[in-house]
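Have a look at the structure below before the remarks.
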Amino acid sequence: ASDWSSDVCSSDLEKYQDRLCALSQEENATGRFLKCTAHADKTRAGKISAAVGKSLSFSSQQRLALRVPLVRLYQEVETFRYRAISDTLMTINRMESARTEYRGALLWMKDVSEVLDPDTYKQLEKFRKVQAQVKKTKARFDKLKLDTMQKIDLLAASRCNMFSHVLVNYQTTLLHFWAKTSRTMSAVAESFKGYQYYEFNMLKELCEPSKKLAADTN
């Protein structure tokens, strides 16, 4: 289950990074488009387009900074998967092998005990050897079972510690991103307070709502 969850996590991280880059590219393209259209518009709308375009380009650059902690998280997950989980899986496999061996010894002792003649020395000696083998395999199985339980508990704890440690950097970077971009966009919104009425030539149905919005704002 832990191996499967790590596979899912790695896949999701890759998708998240890809979509983060795609969003940044689209955001930057939108910013360039607004800045280009602002050159042809000398009105207040052109100034707003230029300012918004610059803020979008800035936001797209800052968003890419999120990839650094995400790459680090991906590396940590992969290391955890190939080392910690693989080691635990090897212990589980050894425990399963020991359990099979222990069950085989029990069946062997059962077969020997069914034909055992207590008065026959050779049969009694054989039974004692089988009994000793059962004790030996049981001791090995019990030890590996305990090792497996301890490793699984340690695996769960180390997994939580890994995410808690690595995600702090991502959280800090994300908060810095939102702080920087919100300041920039708030400054743009503050500098263009109010609403200027525009006479729509093509979409004339927007003229009346535009007049009403201008009157309400003023």
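By order of appearance in the structure tokens: chains A, B, ..., then residues from 1 within every chain, and ligands from 1 in the order shown.
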
Would you please extract all alpha helix (DSSP H) residues from region 57-144 of chain A, as assigned by DSSP on the backbone, and give them as a PDB file with C-alpha atoms, in the first residue's frame?
```pdb
ATOM      1  CA  SER A  57       4.333  38.561 -16.606  1.00  0.00           C
ATOM      2  CA  PHE A  58       5.770  39.148 -13.139  1.00  0.00           C
ATOM      3  CA  SER A  59       3.364  36.601 -11.660  1.00  0.00           C
ATOM      4  CA  SER A  60       4.334  33.988 -14.254  1.00  0.00           C
ATOM      5  CA  GLN A  61       8.028  34.407 -13.391  1.00  0.00           C
ATOM      6  CA  GLN A  62       7.382  34.150  -9.660  1.00  0.00           C
ATOM      7  CA  ARG A  63       5.185  31.076 -10.123  1.00  0.00           C
ATOM      8  CA  ARG A  67       9.216  24.204  -9.038  1.00  0.00           C
ATOM      9  CA  VAL A  68      12.333  24.215  -6.822  1.00  0.00           C
ATOM     10  CA  PRO A  69      10.654  22.804  -3.668  1.00  0.00           C
ATOM     11  CA  LEU A  70       8.527  20.510  -5.843  1.00  0.00           C
ATOM     12  CA  VAL A  71      11.619  18.997  -7.454  1.00  0.00           C
ATOM     13  CA  ARG A  72      13.085  18.520  -3.991  1.00  0.00           C
ATOM     14  CA  LEU A  73       9.875  16.819  -2.842  1.00  0.00           C
ATOM     15  CA  TYR A  74       9.911  14.543  -5.876  1.00  0.00           C
ATOM     16  CA  GLN A  75      13.507  13.514  -5.143  1.00  0.00           C
ATOM     17  CA  GLU A  76      12.687  12.777  -1.506  1.00  0.00           C
ATOM     18  CA  VAL A  77       9.676  10.658  -2.482  1.00  0.00           C
ATOM     19  CA  GLU A  78      11.733   8.678  -4.996  1.00  0.00           C
ATOM     20  CA  THR A  79      14.507   8.094  -2.455  1.00  0.00           C
ATOM     21  CA  SER A  86      12.254  -1.553  -0.802  1.00  0.00           C
ATOM     22  CA  ASP A  87      14.054  -2.466   2.427  1.00  0.00           C
ATOM     23  CA  THR A  88      10.738  -3.048   4.196  1.00  0.00           C
ATOM     24  CA  LEU A  89       9.520  -5.167   1.292  1.00  0.00           C
ATOM     25  CA  MET A  90      12.646  -7.340   1.482  1.00  0.00           C
ATOM     26  CA  THR A  91      12.038  -7.913   5.203  1.00  0.00           C
ATOM     27  CA  ILE A  92       8.403  -8.829   4.524  1.00  0.00           C
ATOM     28  CA  ASN A  93       9.476 -11.304   1.851  1.00  0.00           C
ATOM     29  CA  ARG A  94      11.977 -12.906   4.248  1.00  0.00           C
ATOM     30  CA  MET A  95       9.256 -13.127   6.886  1.00  0.00           C
ATOM     31  CA  GLU A  96       6.873 -14.792   4.418  1.00  0.00           C
ATOM     32  CA  SER A  97       9.590 -17.290   3.476  1.00  0.00           C
ATOM     33  CA  ALA A  98      10.241 -18.031   7.163  1.00  0.00           C
ATOM     34  CA  ARG A  99       6.515 -18.533   7.762  1.00  0.00           C
ATOM     35  CA  THR A 100       6.319 -21.012   4.887  1.00  0.00           C
ATOM     36  CA  GLU A 101       9.335 -22.860   6.288  1.00  0.00           C
ATOM     37  CA  TYR A 102       7.786 -22.893   9.769  1.00  0.00           C
ATOM     38  CA  ARG A 103       4.496 -24.279   8.451  1.00  0.00           C
ATOM     39  CA  GLY A 104       6.386 -26.935   6.512  1.00  0.00           C
ATOM     40  CA  ALA A 105       8.235 -27.963   9.694  1.00  0.00           C
ATOM     41  CA  LEU A 106       4.930 -28.198  11.568  1.00  0.00           C
ATOM     42  CA  LEU A 107       3.473 -30.462   8.880  1.00  0.00           C
ATOM     43  CA  TRP A 108       6.611 -32.582   8.981  1.00  0.00           C
ATOM     44  CA  MET A 109       6.332 -32.954  12.745  1.00  0.00           C
ATOM     45  CA  LYS A 110       2.667 -33.860  12.399  1.00  0.00           C
ATOM     46  CA  ASP A 111       3.478 -36.613   9.881  1.00  0.00           C
ATOM     47  CA  VAL A 112       6.263 -37.986  12.089  1.00  0.00           C
ATOM     48  CA  SER A 113       4.110 -37.902  15.226  1.00  0.00           C
ATOM     49  CA  GLU A 114       1.326 -39.888  13.529  1.00  0.00           C
ATOM     50  CA  TYR A 121      14.560 -45.292  19.729  1.00  0.00           C
ATOM     51  CA  LYS A 122      15.219 -44.269  16.109  1.00  0.00           C
ATOM     52  CA  GLN A 123      11.716 -42.931  15.620  1.00  0.00           C
ATOM     53  CA  LEU A 124      11.891 -41.043  18.900  1.00  0.00           C
ATOM     54  CA  GLU A 125      15.241 -39.540  17.954  1.00  0.00           C
ATOM     55  CA  LYS A 126      13.860 -38.496  14.566  1.00  0.00           C
ATOM     56  CA  PHE A 127      10.883 -36.848  16.260  1.00  0.00           C
ATOM     57  CA  ARG A 128      13.226 -34.899  18.543  1.00  0.00           C
ATOM     58  CA  LYS A 129      15.201 -33.668  15.543  1.00  0.00           C
ATOM     59  CA  VAL A 130      12.005 -32.585  13.806  1.00  0.00           C
ATOM     60  CA  GLN A 131      10.842 -30.898  16.990  1.00  0.00           C
ATOM     61  CA  ALA A 132      14.151 -29.021  17.236  1.00  0.00           C
ATOM     62  CA  GLN A 133      13.749 -27.923  13.608  1.00  0.00           C
ATOM     63  CA  VAL A 134      10.254 -26.631  14.367  1.00  0.00           C
ATOM     64  CA  LYS A 135      11.576 -24.594  17.303  1.00  0.00           C
ATOM     65  CA  LYS A 136      14.371 -23.197  15.146  1.00  0.00           C
ATOM     66  CA  THR A 137      12.081 -22.177  12.288  1.00  0.00           C
ATOM     67  CA  LYS A 138       9.565 -20.697  14.741  1.00  0.00           C
ATOM     68  CA  ALA A 139      12.267 -18.579  16.385  1.00  0.00           C
ATOM     69  CA  ARG A 140      13.390 -17.288  12.985  1.00  0.00           C
ATOM     70  CA  PHE A 141       9.813 -16.562  11.954  1.00  0.00           C
ATOM     71  CA  ASP A 142       9.041 -14.748  15.220  1.00  0.00           C
ATOM     72  CA  LYS A 143      12.148 -12.586  14.857  1.00  0.00           C
ATOM     73  CA  LEU A 144      11.377 -11.616  11.273  1.00  0.00           C
TER      74      LEU A 144
END
```

- Would you mind listing what lies within 10 Å of Gln171 (chain A) as a ChimeraX atom specification, with only C-alpha atoms counted and same-chain residues fewer than 5 positions away left out? /A:66,69,166,176-177

- Best match for closeness to Ala157 (chain A) among A:Ala84, A:Ala215, A:Val115, A:Met185, counting only C-alpha atoms: A:Ala84

- Query: Hey, can you check how far CA of Ser49 (chain A) sits from CA of Glu208 (chain A)?
  - Reply: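 Distance reported for this atom pair: 22.9 Å.
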
- Item | Given only C-alpha atoms as the counted atoms, nearest of A:Thr37, A:Asn28, A:Gln17, A:Ile85 to Thr148 (chain A) |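 That would be A:Ile85, the residue with the smallest distance to Thr148 (chain A).
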
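Residue nearest Ile48 (chain A), chosen from A:Gln150, A:Ser191, A:Ser158, A:Thr184 and counting only C-alpha atoms: A:Ser191.
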
- Message: Calculated over only C-alpha atoms, which of the candidates A:Lys145, A:His39, A:Ala189, A:Leu64 has the smallest distance to Ser24 (chain A)?
- Response: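 Smallest separation from Ser24 (chain A) among the options: A:Leu64.
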
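The spacing separating CA of Gln25 (chain A) from CA of Glu190 (chain A) amounts to 26.3 Å.
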